[in-house]
Amino acid sequence: MSSVTELLWTEKYRPRSLKDIINQQDITARLMKFVNEKNMPHLLFAGPPGTGKTTAAHALAHDLYGDAYQQFMLELNASDERGIDTIREKVKEFARSKTPPDIPFKIILLDEADNMTSDAQQALRRLMELYSASTRFILAANYPSKIIDAIQSRCAFFRFTSLKKEDVVNRLKYIADKEKIDYEEEALDIIFEISEGDMRKAINVLQASAYLGKVSSDLVFKVVGMARPKDVRDMIETALKGNFIEARELLRKVMIEYGLSGEDVVRQIHREIMGSDIKISEELRVLIADYLGEVHFRIAEGSDEDIQLSAFLAWLSMMGKKLGA
């Protein structure tokens with residue numbers, strides 16, 4: 001593998017133009033129309049993390065202003081700089097600055113805008129009105145419902161969706177080939193399953209795994225602090241057969257070997273129960289999901305995780321015998 005670079009791979013391999021963005025073709029096509037017309041309204045980008053909201057904003061600015069786009073774009077992370085003072089000072093100062101020669105407006109990107117305080121959003125609403133002639137705002141949010149209606153009504157809405165498996169895996173292969181990384185095909189599939197369509201998370205997992213050697217499925221699970229799904233399935237199936245003591249030994253092995261907390265184990269059990277690899281009846285699946293939610297609540301409230309998970313396995317053993325799982 002090549003030597004460690006200064007940049008995170010999420011930045012090093014970020015698409016620089018709208019045409020390079022994958023899996024959001026409808027969105028990029030609409031944004032390209034703004035580039036061609038050299039005009040656009042205020043924009044609201046919404047969707048899950050790691051689906052390209054911030055990247056799309058940078059790519060849009062790059063296509064509008066060229067390589068020197070950053071001098072005409074102000075980026076603020078609203079989760080850190082979300083108070084009314086920031087909105088009134090930084091945003092207002094930039095909005096008053098000189099516009100680029102060929103484009104009649106500058107861009108202000110407010111990342112994680114759903115974390116802004118209500119007062120800051122009200123101040124932003126007024127600034128969007130006052131400086132609309134020279135400034136366009138792009139708001140990126142995971143939860144657009146937290147953005148006040150007055151701001152939503154002033155923006156063109158863009159809904160980003162989770163990335164498809166083939167797009168994520170192909171991008172991971174591209175990065176791995178560029179960095180001369182030895183990897184297993186199965187490991188890239190596992191990275192996608194873990195990231196759940198979050199490209200940023202997928203690339204970070206790939207980079208962390210690559211620094212430890214060949215990217216294999218076992219290595220990926222160790223890097224992300226997860227047990228192998230097969231180990232969790234074996235524990236569940238053993239309990240359902242009525243072998244409580246054996247299932248509890250498998251639980252302790254999973255927690256010690258992988259260093260998992262009780263909540264980590266609950267989440268992985270839930271993932272396996274909701275999957276199709278465990279062959280159980282629909283009735284039993286519903287009962288397990290219901291009881292597992294209660295166990296998660298107790299652990300989150302401070303109950304002893306070992307006692308709660310042991311109680312869960314005991315309950316599984318009894319239900320398995322009762323329903324003939």
# chains A, B, ... in the order shown; residues from 1 in each chain; ligands from 1

call {"tool": "residues_around", "arguments": {"residues": "region 187-203 of chain A", "least_positions_apart": "6", "cutoff": "7 Å", "atoms": "only C-alpha atoms", "output": "list in words"}}
result
Trp9, Thr10, Pro49, Gly50, Thr51, Ser162, Leu163, Lys164, Lys165, Val168, Val169, Leu172, Val215, Ser216, Ser217 and Val220 of chain A

call {"tool": "select_by_dssp", "arguments": {"residues": "region 31-273 of chain A", "states": "strand (DSSP E or B)", "output": "PyMOL selection string"}}
result
chain A and resi 42-46+73-77+106-111+135-141+155-159+183+215

call {"tool": "closest_residue", "arguments": {"among": "A:Arg233, A:Lys178, A:Arg30, A:Lys322", "to": "His270 (chain A)", "atoms": "only C-alpha atoms"}}
result
A:Arg233

call {"tool": "residues_around", "arguments": {"residues": "Ile299 (chain A)", "least_positions_apart": "3", "cutoff": "12 Å", "atoms": "only C-alpha atoms", "output": "PyMOL selection string"}}
result
chain A and resi 261-267+292-296+302-309+311-312

call {"tool": "closest_residue", "arguments": {"among": "A:Val91, A:Val35, A:Leu323, A:Ile181", "to": "Ile280 (chain A)", "atoms": "only C-alpha atoms"}}
result
A:Leu323

call {"tool": "residues_around", "arguments": {"residues": "Ser281 (chain A)", "least_positions_apart": "2", "cutoff": "12 Å", "atoms": "only C-alpha atoms", "output": "number ranges by chain"}}
result
A: 240, 273-274, 276, 278-279, 283-288, 319-320, 323-325

call {"tool": "atom_distance", "arguments": {"atom1": "CA of Tyr183 (chain A)", "atom2": "CA of Gly259 (chain A)"}}
result
24.5 Å

call {"tool": "closest_residue", "arguments": {"among": "A:Glu179, A:Asp119, A:Asp26, A:Glu37", "to": "Arg159 (chain A)", "atoms": "only C-alpha atoms"}}
result
A:Asp26

call {"tool": "select_by_dssp", "arguments": {"residues": "region 65-255 of chain A", "states": "alpha helix (DSSP H)", "output": "PDB file with N, CA and C atoms, in the first residue's frame"}}
result
ATOM      1  N   TYR A  65     -17.680  28.719 -10.307  1.00  0.00           N
ATOM      2  CA  TYR A  65     -16.591  29.699 -10.159  1.00  0.00           C
ATOM      3  C   TYR A  65     -15.229  29.217 -10.638  1.00  0.00           C
ATOM      4  N   ILE A  84     -26.763  32.991  17.250  1.00  0.00           N
ATOM      5  CA  ILE A  84     -27.237  34.163  16.532  1.00  0.00           C
ATOM      6  C   ILE A  84     -26.090  35.120  16.208  1.00  0.00           C
ATOM      7  N   ASP A  85     -25.045  35.134  17.069  1.00  0.00           N
ATOM      8  CA  ASP A  85     -23.904  36.022  16.823  1.00  0.00           C
ATOM      9  C   ASP A  85     -23.168  35.631  15.544  1.00  0.00           C
ATOM     10  N   THR A  86     -22.991  34.324  15.315  1.00  0.00           N
ATOM     11  CA  THR A  86     -22.340  33.860  14.095  1.00  0.00           C
ATOM     12  C   THR A  86     -23.135  34.269  12.867  1.00  0.00           C
ATOM     13  N   LYS A  92     -23.240  37.907   7.673  1.00  0.00           N
ATOM     14  CA  LYS A  92     -23.510  39.263   7.195  1.00  0.00           C
ATOM     15  C   LYS A  92     -22.272  39.874   6.556  1.00  0.00           C
ATOM     16  N   GLU A  93     -21.105  39.639   7.162  1.00  0.00           N
ATOM     17  CA  GLU A  93     -19.855  40.195   6.618  1.00  0.00           C
ATOM     18  C   GLU A  93     -19.550  39.621   5.240  1.00  0.00           C
ATOM     19  N   PHE A  94     -19.719  38.297   5.084  1.00  0.00           N
ATOM     20  CA  PHE A  94     -19.452  37.676   3.797  1.00  0.00           C
ATOM     21  C   PHE A  94     -20.488  38.108   2.757  1.00  0.00           C
ATOM     22  N   ALA A  95     -21.731  38.218   3.165  1.00  0.00           N
ATOM     23  CA  ALA A  95     -22.793  38.601   2.234  1.00  0.00           C
ATOM     24  C   ALA A  95     -22.561  39.994   1.657  1.00  0.00           C
ATOM     25  N   SER A 118     -33.206  28.197  17.229  1.00  0.00           N
ATOM     26  CA  SER A 118     -34.376  28.849  16.636  1.00  0.00           C
ATOM     27  C   SER A 118     -34.104  30.324  16.361  1.00  0.00           C
ATOM     28  N   ASP A 119     -33.431  30.995  17.308  1.00  0.00           N
ATOM     29  CA  ASP A 119     -33.106  32.417  17.119  1.00  0.00           C
ATOM     30  C   ASP A 119     -32.189  32.611  15.916  1.00  0.00           C
ATOM     31  N   ALA A 120     -31.211  31.708  15.768  1.00  0.00           N
ATOM     32  CA  ALA A 120     -30.285  31.807  14.643  1.00  0.00           C
ATOM     33  C   ALA A 120     -31.022  31.589  13.325  1.00  0.00           C
ATOM     34  N   GLN A 121     -31.968  30.676  13.314  1.00  0.00           N
ATOM     35  CA  GLN A 121     -32.737  30.444  12.090  1.00  0.00           C
ATOM     36  C   GLN A 121     -33.605  31.649  11.730  1.00  0.00           C
ATOM     37  N   GLN A 122     -34.152  32.305  12.737  1.00  0.00           N
ATOM     38  CA  GLN A 122     -34.938  33.506  12.469  1.00  0.00           C
ATOM     39  C   GLN A 122     -34.053  34.626  11.909  1.00  0.00           C
ATOM     40  N   ALA A 123     -32.838  34.736  12.469  1.00  0.00           N
ATOM     41  CA  ALA A 123     -31.899  35.735  11.957  1.00  0.00           C
ATOM     42  C   ALA A 123     -31.480  35.401  10.527  1.00  0.00           C
ATOM     43  N   LEU A 124     -31.265  34.122  10.270  1.00  0.00           N
ATOM     44  CA  LEU A 124     -30.900  33.677   8.925  1.00  0.00           C
ATOM     45  C   LEU A 124     -32.018  33.970   7.925  1.00  0.00           C
ATOM     46  N   ARG A 125     -33.246  33.756   8.330  1.00  0.00           N
ATOM     47  CA  ARG A 125     -34.385  34.033   7.447  1.00  0.00           C
ATOM     48  C   ARG A 125     -34.363  35.481   6.975  1.00  0.00           C
ATOM     49  N   ARG A 126     -34.076  36.382   7.884  1.00  0.00           N
ATOM     50  CA  ARG A 126     -34.036  37.805   7.524  1.00  0.00           C
ATOM     51  C   ARG A 126     -32.858  38.103   6.604  1.00  0.00           C
ATOM     52  N   LEU A 127     -31.698  37.481   6.876  1.00  0.00           N
ATOM     53  CA  LEU A 127     -30.523  37.711   6.027  1.00  0.00           C
ATOM     54  C   LEU A 127     -30.740  37.160   4.621  1.00  0.00           C
ATOM     55  N   MET A 128     -31.457  36.067   4.504  1.00  0.00           N
ATOM     56  CA  MET A 128     -31.754  35.499   3.183  1.00  0.00           C
ATOM     57  C   MET A 128     -32.589  36.467   2.351  1.00  0.00           C
ATOM     58  N   GLU A 129     -33.403  37.259   3.016  1.00  0.00           N
ATOM     59  CA  GLU A 129     -34.187  38.276   2.319  1.00  0.00           C
ATOM     60  C   GLU A 129     -33.339  39.483   1.945  1.00  0.00           C
ATOM     61  N   LEU A 130     -32.550  39.973   2.893  1.00  0.00           N
ATOM     62  CA  LEU A 130     -31.805  41.217   2.695  1.00  0.00           C
ATOM     63  C   LEU A 130     -30.732  41.095   1.620  1.00  0.00           C
ATOM     64  N   ASP A 149     -40.292  26.589   8.991  1.00  0.00           N
ATOM     65  CA  ASP A 149     -41.046  26.667   7.733  1.00  0.00           C
ATOM     66  C   ASP A 149     -40.686  27.910   6.927  1.00  0.00           C
ATOM     67  N   ALA A 150     -40.389  29.012   7.620  1.00  0.00           N
ATOM     68  CA  ALA A 150     -40.072  30.260   6.923  1.00  0.00           C
ATOM     69  C   ALA A 150     -38.825  30.113   6.053  1.00  0.00           C
ATOM     70  N   ILE A 151     -37.866  29.290   6.493  1.00  0.00           N
ATOM     71  CA  ILE A 151     -36.656  29.051   5.692  1.00  0.00           C
ATOM     72  C   ILE A 151     -36.941  28.017   4.601  1.00  0.00           C
ATOM     73  N   GLN A 152     -37.656  26.957   4.956  1.00  0.00           N
ATOM     74  CA  GLN A 152     -37.964  25.928   3.953  1.00  0.00           C
ATOM     75  C   GLN A 152     -38.703  26.508   2.749  1.00  0.00           C
ATOM     76  N   LYS A 165     -25.570  -0.240  -3.529  1.00  0.00           N
ATOM     77  CA  LYS A 165     -24.426  -1.104  -3.223  1.00  0.00           C
ATOM     78  C   LYS A 165     -23.378  -1.076  -4.333  1.00  0.00           C
ATOM     79  N   GLU A 166     -23.823  -1.200  -5.591  1.00  0.00           N
ATOM     80  CA  GLU A 166     -22.842  -1.273  -6.680  1.00  0.00           C
ATOM     81  C   GLU A 166     -22.035   0.019  -6.798  1.00  0.00           C
ATOM     82  N   ASP A 167     -22.676   1.160  -6.507  1.00  0.00           N
ATOM     83  CA  ASP A 167     -21.960   2.432  -6.597  1.00  0.00           C
ATOM     84  C   ASP A 167     -20.918   2.568  -5.490  1.00  0.00           C
ATOM     85  N   VAL A 168     -21.300   2.155  -4.272  1.00  0.00           N
ATOM     86  CA  VAL A 168     -20.363   2.233  -3.143  1.00  0.00           C
ATOM     87  C   VAL A 168     -19.192   1.280  -3.361  1.00  0.00           C
ATOM     88  N   VAL A 169     -19.493   0.046  -3.726  1.00  0.00           N
ATOM     89  CA  VAL A 169     -18.432  -0.952  -3.910  1.00  0.00           C
ATOM     90  C   VAL A 169     -17.502  -0.562  -5.059  1.00  0.00           C
ATOM     91  N   ASN A 170     -18.053  -0.060  -6.146  1.00  0.00           N
ATOM     92  CA  ASN A 170     -17.211   0.365  -7.270  1.00  0.00           C
ATOM     93  C   ASN A 170     -16.296   1.520  -6.878  1.00  0.00           C
ATOM     94  N   ARG A 171     -16.815   2.452  -6.084  1.00  0.00           N
ATOM     95  CA  ARG A 171     -15.976   3.569  -5.627  1.00  0.00           C
ATOM     96  C   ARG A 171     -14.880   3.081  -4.692  1.00  0.00           C
ATOM     97  N   LEU A 172     -15.212   2.129  -3.815  1.00  0.00           N
ATOM     98  CA  LEU A 172     -14.205   1.559  -2.920  1.00  0.00           C
ATOM     99  C   LEU A 172     -13.118   0.834  -3.713  1.00  0.00           C
ATOM    100  N   LYS A 173     -13.527   0.127  -4.776  1.00  0.00           N
ATOM    101  CA  LYS A 173     -12.536  -0.546  -5.629  1.00  0.00           C
ATOM    102  C   LYS A 173     -11.631   0.473  -6.316  1.00  0.00           C
ATOM    103  N   TYR A 174     -12.218   1.561  -6.770  1.00  0.00           N
ATOM    104  CA  TYR A 174     -11.445   2.616  -7.431  1.00  0.00           C
ATOM    105  C   TYR A 174     -10.386   3.182  -6.478  1.00  0.00           C
ATOM    106  N   ILE A 175     -10.804   3.465  -5.256  1.00  0.00           N
ATOM    107  CA  ILE A 175      -9.864   4.016  -4.261  1.00  0.00           C
ATOM    108  C   ILE A 175      -8.796   2.983  -3.916  1.00  0.00           C
ATOM    109  N   ALA A 176      -9.207   1.739  -3.713  1.00  0.00           N
ATOM    110  CA  ALA A 176      -8.251   0.684  -3.361  1.00  0.00           C
ATOM    111  C   ALA A 176      -7.212   0.492  -4.462  1.00  0.00           C
ATOM    112  N   ASP A 177      -7.647   0.551  -5.713  1.00  0.00           N
ATOM    113  CA  ASP A 177      -6.698   0.413  -6.824  1.00  0.00           C
ATOM    114  C   ASP A 177      -5.749   1.605  -6.881  1.00  0.00           C
ATOM    115  N   LYS A 178      -6.268   2.797  -6.650  1.00  0.00           N
ATOM    116  CA  LYS A 178      -5.415   3.991  -6.655  1.00  0.00           C
ATOM    117  C   LYS A 178      -4.370   3.941  -5.543  1.00  0.00           C
ATOM    118  N   GLU A 185     -12.929  -9.233  -2.133  1.00  0.00           N
ATOM    119  CA  GLU A 185     -14.221  -8.735  -2.626  1.00  0.00           C
ATOM    120  C   GLU A 185     -15.272  -8.769  -1.513  1.00  0.00           C
ATOM    121  N   GLU A 186     -15.262  -9.834  -0.723  1.00  0.00           N
ATOM    122  CA  GLU A 186     -16.243  -9.978   0.358  1.00  0.00           C
ATOM    123  C   GLU A 186     -16.114  -8.844   1.369  1.00  0.00           C
ATOM    124  N   ALA A 187     -14.889  -8.382   1.609  1.00  0.00           N
ATOM    125  CA  ALA A 187     -14.664  -7.318   2.586  1.00  0.00           C
ATOM    126  C   ALA A 187     -15.340  -6.020   2.153  1.00  0.00           C
ATOM    127  N   LEU A 188     -15.307  -5.726   0.851  1.00  0.00           N
ATOM    128  CA  LEU A 188     -15.954  -4.514   0.362  1.00  0.00           C
ATOM    129  C   LEU A 188     -17.470  -4.613   0.499  1.00  0.00           C
ATOM    130  N   ASP A 189     -18.018  -5.814   0.281  1.00  0.00           N
ATOM    131  CA  ASP A 189     -19.453  -6.015   0.480  1.00  0.00           C
ATOM    132  C   ASP A 189     -19.826  -5.788   1.942  1.00  0.00           C
ATOM    133  N   ILE A 190     -18.981  -6.258   2.844  1.00  0.00           N
ATOM    134  CA  ILE A 190     -19.236  -6.096   4.282  1.00  0.00           C
ATOM    135  C   ILE A 190     -19.155  -4.616   4.665  1.00  0.00           C
ATOM    136  N   ILE A 191     -18.183  -3.893   4.101  1.00  0.00           N
ATOM    137  CA  ILE A 191     -18.073  -2.460   4.383  1.00  0.00           C
ATOM    138  C   ILE A 191     -19.347  -1.741   3.974  1.00  0.00           C
ATOM    139  N   PHE A 192     -19.911  -2.117   2.823  1.00  0.00           N
ATOM    140  CA  PHE A 192     -21.177  -1.498   2.405  1.00  0.00           C
ATOM    141  C   PHE A 192     -22.291  -1.803   3.401  1.00  0.00           C
ATOM    142  N   GLU A 193     -22.395  -3.058   3.841  1.00  0.00           N
ATOM    143  CA  GLU A 193     -23.450  -3.435   4.785  1.00  0.00           C
ATOM    144  C   GLU A 193     -23.314  -2.652   6.084  1.00  0.00           C
ATOM    145  N   ILE A 194     -22.084  -2.457   6.526  1.00  0.00           N
ATOM    146  CA  ILE A 194     -21.851  -1.724   7.770  1.00  0.00           C
ATOM    147  C   ILE A 194     -22.182  -0.248   7.597  1.00  0.00           C
ATOM    148  N   SER A 195     -21.810   0.317   6.460  1.00  0.00           N
ATOM    149  CA  SER A 195     -21.993   1.760   6.234  1.00  0.00           C
ATOM    150  C   SER A 195     -23.435   2.117   5.911  1.00  0.00           C
ATOM    151  N   MET A 199     -21.370   6.872   2.207  1.00  0.00           N
ATOM    152  CA  MET A 199     -20.104   6.776   1.485  1.00  0.00           C
ATOM    153  C   MET A 199     -18.932   7.228   2.342  1.00  0.00           C
ATOM    154  N   ARG A 200     -19.134   8.266   3.142  1.00  0.00           N
ATOM    155  CA  ARG A 200     -18.047   8.760   3.998  1.00  0.00           C
ATOM    156  C   ARG A 200     -17.604   7.693   4.992  1.00  0.00           C
ATOM    157  N   LYS A 201     -18.571   7.043   5.622  1.00  0.00           N
ATOM    158  CA  LYS A 201     -18.245   5.980   6.579  1.00  0.00           C
ATOM    159  C   LYS A 201     -17.555   4.822   5.884  1.00  0.00           C
ATOM    160  N   ALA A 202     -18.024   4.457   4.688  1.00  0.00           N
ATOM    161  CA  ALA A 202     -17.436   3.342   3.954  1.00  0.00           C
ATOM    162  C   ALA A 202     -15.966   3.619   3.632  1.00  0.00           C
ATOM    163  N   ILE A 203     -15.664   4.835   3.182  1.00  0.00           N
ATOM    164  CA  ILE A 203     -14.276   5.169   2.824  1.00  0.00           C
ATOM    165  C   ILE A 203     -13.394   5.195   4.071  1.00  0.00           C
ATOM    166  N   ASN A 204     -13.916   5.726   5.170  1.00  0.00           N
ATOM    167  CA  ASN A 204     -13.138   5.762   6.405  1.00  0.00           C
ATOM    168  C   ASN A 204     -12.824   4.357   6.915  1.00  0.00           C
ATOM    169  N   VAL A 205     -13.797   3.447   6.820  1.00  0.00           N
ATOM    170  CA  VAL A 205     -13.554   2.058   7.233  1.00  0.00           C
ATOM    171  C   VAL A 205     -12.505   1.414   6.337  1.00  0.00           C
ATOM    172  N   LEU A 206     -12.591   1.671   5.034  1.00  0.00           N
ATOM    173  CA  LEU A 206     -11.592   1.132   4.101  1.00  0.00           C
ATOM    174  C   LEU A 206     -10.203   1.653   4.448  1.00  0.00           C
ATOM    175  N   GLN A 207     -10.085   2.933   4.704  1.00  0.00           N
ATOM    176  CA  GLN A 207      -8.773   3.516   5.009  1.00  0.00           C
ATOM    177  C   GLN A 207      -8.212   2.952   6.313  1.00  0.00           C
ATOM    178  N   ALA A 208      -9.054   2.854   7.353  1.00  0.00           N
ATOM    179  CA  ALA A 208      -8.592   2.325   8.637  1.00  0.00           C
ATOM    180  C   ALA A 208      -8.167   0.867   8.507  1.00  0.00           C
ATOM    181  N   SER A 209      -8.890   0.100   7.710  1.00  0.00           N
ATOM    182  CA  SER A 209      -8.543  -1.315   7.521  1.00  0.00           C
ATOM    183  C   SER A 209      -7.262  -1.464   6.712  1.00  0.00           C
ATOM    184  N   ALA A 210      -7.100  -0.615   5.697  1.00  0.00           N
ATOM    185  CA  ALA A 210      -5.940  -0.728   4.805  1.00  0.00           C
ATOM    186  C   ALA A 210      -4.629  -0.500   5.533  1.00  0.00           C
ATOM    187  N   SER A 217     -12.499  -9.610   5.529  1.00  0.00           N
ATOM    188  CA  SER A 217     -13.736  -9.478   6.295  1.00  0.00           C
ATOM    189  C   SER A 217     -13.464  -9.469   7.796  1.00  0.00           C
ATOM    190  N   ASP A 218     -12.552 -10.330   8.268  1.00  0.00           N
ATOM    191  CA  ASP A 218     -12.222 -10.358   9.700  1.00  0.00           C
ATOM    192  C   ASP A 218     -11.631  -9.031  10.154  1.00  0.00           C
ATOM    193  N   LEU A 219     -10.757  -8.457   9.338  1.00  0.00           N
ATOM    194  CA  LEU A 219     -10.115  -7.201   9.688  1.00  0.00           C
ATOM    195  C   LEU A 219     -11.136  -6.063   9.744  1.00  0.00           C
ATOM    196  N   VAL A 220     -12.061  -6.052   8.808  1.00  0.00           N
ATOM    197  CA  VAL A 220     -13.082  -5.001   8.788  1.00  0.00           C
ATOM    198  C   VAL A 220     -13.908  -5.042  10.060  1.00  0.00           C
ATOM    199  N   PHE A 221     -14.332  -6.229  10.479  1.00  0.00           N
ATOM    200  CA  PHE A 221     -15.137  -6.343  11.698  1.00  0.00           C
ATOM    201  C   PHE A 221     -14.355  -5.863  12.925  1.00  0.00           C
ATOM    202  N   LYS A 222     -13.041  -6.156  12.965  1.00  0.00           N
ATOM    203  CA  LYS A 222     -12.231  -5.702  14.095  1.00  0.00           C
ATOM    204  C   LYS A 222     -12.096  -4.185  14.099  1.00  0.00           C
ATOM    205  N   VAL A 223     -11.938  -3.602  12.913  1.00  0.00           N
ATOM    206  CA  VAL A 223     -11.768  -2.153  12.818  1.00  0.00           C
ATOM    207  C   VAL A 223     -13.011  -1.415  13.301  1.00  0.00           C
ATOM    208  N   VAL A 224     -14.184  -1.902  12.928  1.00  0.00           N
ATOM    209  CA  VAL A 224     -15.427  -1.204  13.287  1.00  0.00           C
ATOM    210  C   VAL A 224     -15.970  -1.645  14.642  1.00  0.00           C
ATOM    211  N   PRO A 229     -21.230 -11.557  11.914  1.00  0.00           N
ATOM    212  CA  PRO A 229     -22.657 -11.916  11.955  1.00  0.00           C
ATOM    213  C   PRO A 229     -22.901 -13.391  12.241  1.00  0.00           C
ATOM    214  N   LYS A 230     -22.026 -14.272  11.719  1.00  0.00           N
ATOM    215  CA  LYS A 230     -22.206 -15.703  11.952  1.00  0.00           C
ATOM    216  C   LYS A 230     -22.109 -16.039  13.433  1.00  0.00           C
ATOM    217  N   ASP A 231     -21.192 -15.364  14.163  1.00  0.00           N
ATOM    218  CA  ASP A 231     -21.058 -15.623  15.601  1.00  0.00           C
ATOM    219  C   ASP A 231     -22.326 -15.233  16.343  1.00  0.00           C
ATOM    220  N   VAL A 232     -22.918 -14.104  15.949  1.00  0.00           N
ATOM    221  CA  VAL A 232     -24.155 -13.656  16.593  1.00  0.00           C
ATOM    222  C   VAL A 232     -25.305 -14.591  16.243  1.00  0.00           C
ATOM    223  N   ARG A 233     -25.368 -15.008  14.980  1.00  0.00           N
ATOM    224  CA  ARG A 233     -26.427 -15.945  14.574  1.00  0.00           C
ATOM    225  C   ARG A 233     -26.304 -17.267  15.314  1.00  0.00           C
ATOM    226  N   ASP A 234     -25.079 -17.765  15.472  1.00  0.00           N
ATOM    227  CA  ASP A 234     -24.870 -19.021  16.199  1.00  0.00           C
ATOM    228  C   ASP A 234     -25.369 -18.891  17.632  1.00  0.00           C
ATOM    229  N   MET A 235     -25.122 -17.757  18.252  1.00  0.00           N
ATOM    230  CA  MET A 235     -25.570 -17.536  19.634  1.00  0.00           C
ATOM    231  C   MET A 235     -27.106 -17.559  19.709  1.00  0.00           C
ATOM    232  N   ILE A 236     -27.758 -16.864  18.783  1.00  0.00           N
ATOM    233  CA  ILE A 236     -29.227 -16.811  18.778  1.00  0.00           C
ATOM    234  C   ILE A 236     -29.813 -18.198  18.526  1.00  0.00           C
ATOM    235  N   GLU A 237     -29.295 -18.895  17.519  1.00  0.00           N
ATOM    236  CA  GLU A 237     -29.829 -20.209  17.171  1.00  0.00           C
ATOM    237  C   GLU A 237     -29.585 -21.226  18.283  1.00  0.00           C
ATOM    238  N   THR A 238     -28.453 -21.112  18.974  1.00  0.00           N
ATOM    239  CA  THR A 238     -28.180 -22.008  20.099  1.00  0.00           C
ATOM    240  C   THR A 238     -29.183 -21.791  21.217  1.00  0.00           C
ATOM    241  N   ALA A 239     -29.481 -20.513  21.507  1.00  0.00           N
ATOM    242  CA  ALA A 239     -30.467 -20.205  22.544  1.00  0.00           C
ATOM    243  C   ALA A 239     -31.848 -20.716  22.158  1.00  0.00           C
ATOM    244  N   LEU A 240     -32.224 -20.554  20.894  1.00  0.00           N
ATOM    245  CA  LEU A 240     -33.549 -20.997  20.427  1.00  0.00           C
ATOM    246  C   LEU A 240     -33.697 -22.516  20.497  1.00  0.00           C
ATOM    247  N   PHE A 244     -29.233 -22.888  26.810  1.00  0.00           N
ATOM    248  CA  PHE A 244     -28.986 -21.575  27.416  1.00  0.00           C
ATOM    249  C   PHE A 244     -27.527 -21.398  27.834  1.00  0.00           C
ATOM    250  N   ILE A 245     -26.968 -22.374  28.533  1.00  0.00           N
ATOM    251  CA  ILE A 245     -25.586 -22.251  29.032  1.00  0.00           C
ATOM    252  C   ILE A 245     -24.606 -22.080  27.877  1.00  0.00           C
ATOM    253  N   GLU A 246     -24.782 -22.869  26.840  1.00  0.00           N
ATOM    254  CA  GLU A 246     -23.890 -22.766  25.673  1.00  0.00           C
ATOM    255  C   GLU A 246     -24.044 -21.410  24.988  1.00  0.00           C
ATOM    256  N   ALA A 247     -25.292 -20.938  24.880  1.00  0.00           N
ATOM    257  CA  ALA A 247     -25.539 -19.637  24.260  1.00  0.00           C
ATOM    258  C   ALA A 247     -24.895 -18.519  25.075  1.00  0.00           C
ATOM    259  N   ARG A 248     -24.945 -18.637  26.408  1.00  0.00           N
ATOM    260  CA  ARG A 248     -24.344 -17.603  27.258  1.00  0.00           C
ATOM    261  C   ARG A 248     -22.824 -17.593  27.124  1.00  0.00           C
ATOM    262  N   GLU A 249     -22.229 -18.775  26.958  1.00  0.00           N
ATOM    263  CA  GLU A 249     -20.781 -18.827  26.727  1.00  0.00           C
ATOM    264  C   GLU A 249     -20.418 -18.160  25.402  1.00  0.00           C
ATOM    265  N   LEU A 250     -21.236 -18.363  24.386  1.00  0.00           N
ATOM    266  CA  LEU A 250     -21.002 -17.702  23.105  1.00  0.00           C
ATOM    267  C   LEU A 250     -21.149 -16.185  23.240  1.00  0.00           C
ATOM    268  N   LEU A 251     -22.105 -15.743  24.053  1.00  0.00           N
ATOM    269  CA  LEU A 251     -22.285 -14.310  24.301  1.00  0.00           C
ATOM    270  C   LEU A 251     -21.037 -13.707  24.931  1.00  0.00           C
ATOM    271  N   ARG A 252     -20.525 -14.353  25.972  1.00  0.00           N
ATOM    272  CA  ARG A 252     -19.345 -13.832  26.658  1.00  0.00           C
ATOM    273  C   ARG A 252     -18.121 -13.840  25.734  1.00  0.00           C
ATOM    274  N   LYS A 253     -18.029 -14.859  24.887  1.00  0.00           N
ATOM    275  CA  LYS A 253     -16.915 -14.922  23.934  1.00  0.00           C
ATOM    276  C   LYS A 253     -16.987 -13.748  22.958  1.00  0.00           C
ATOM    277  N   VAL A 254     -18.189 -13.470  22.459  1.00  0.00           N
ATOM    278  CA  VAL A 254     -18.370 -12.366  21.518  1.00  0.00           C
ATOM    279  C   VAL A 254     -18.012 -11.034  22.165  1.00  0.00           C
ATOM    280  N   MET A 255     -18.481 -10.821  23.401  1.00  0.00           N
ATOM    281  CA  MET A 255     -18.243  -9.542  24.074  1.00  0.00           C
ATOM    282  C   MET A 255     -16.772  -9.345  24.416  1.00  0.00           C
TER     283      MET A 255
END

call {"tool": "residues_around", "arguments": {"residues": "Ile138 (chain A)", "least_positions_apart": "5", "cutoff": "9 Å", "atoms": "only C-alpha atoms", "output": "list in words"}}
result
His42, Leu43, Leu44, Phe45, Ala57, Ile107, Ile108, Leu109, Leu110, Asp111 and Cys155 of chain A

call {"tool": "write_last_selection", "arguments": {"atoms": "C-alpha atoms", "output": "PDB file, in the first residue's frame"}}
result
ATOM      1  CA  HIS A  42     -31.527  29.293  -2.119  1.00  0.00           C
ATOM      2  CA  LEU A  43     -31.132  25.513  -1.747  1.00  0.00           C
ATOM      3  CA  LEU A  44     -31.952  23.002   0.988  1.00  0.00           C
ATOM      4  CA  PHE A  45     -30.114  19.680   0.753  1.00  0.00           C
ATOM      5  CA  ALA A  57     -22.491  22.031  -2.688  1.00  0.00           C
ATOM      6  CA  ILE A 107     -22.571  31.058  -1.962  1.00  0.00           C
ATOM      7  CA  ILE A 108     -22.861  30.485   1.784  1.00  0.00           C
ATOM      8  CA  LEU A 109     -22.984  26.820   2.801  1.00  0.00           C
ATOM      9  CA  LEU A 110     -24.457  26.077   6.229  1.00  0.00           C
ATOM     10  CA  ASP A 111     -23.674  22.448   6.960  1.00  0.00           C
ATOM     11  CA  CYS A 155     -35.441  27.215  -0.616  1.00  0.00           C
TER      12      CYS A 155
END

call {"tool": "residues_around", "arguments": {"residues": "Gly47 (chain A)", "least_positions_apart": "3", "cutoff": "7 Å", "atoms": "only C-alpha atoms", "output": "VMD selection string"}}
result
chain A and resid 141 to 142 159 to 161

call {"tool": "residues_around", "arguments": {"residues": "Phe72 (chain A)", "least_positions_apart": "3", "cutoff": "8 Å", "atoms": "only C-alpha atoms", "output": "PyMOL selection string"}}
result
chain A and resi 65+68-69+99-100+106-107
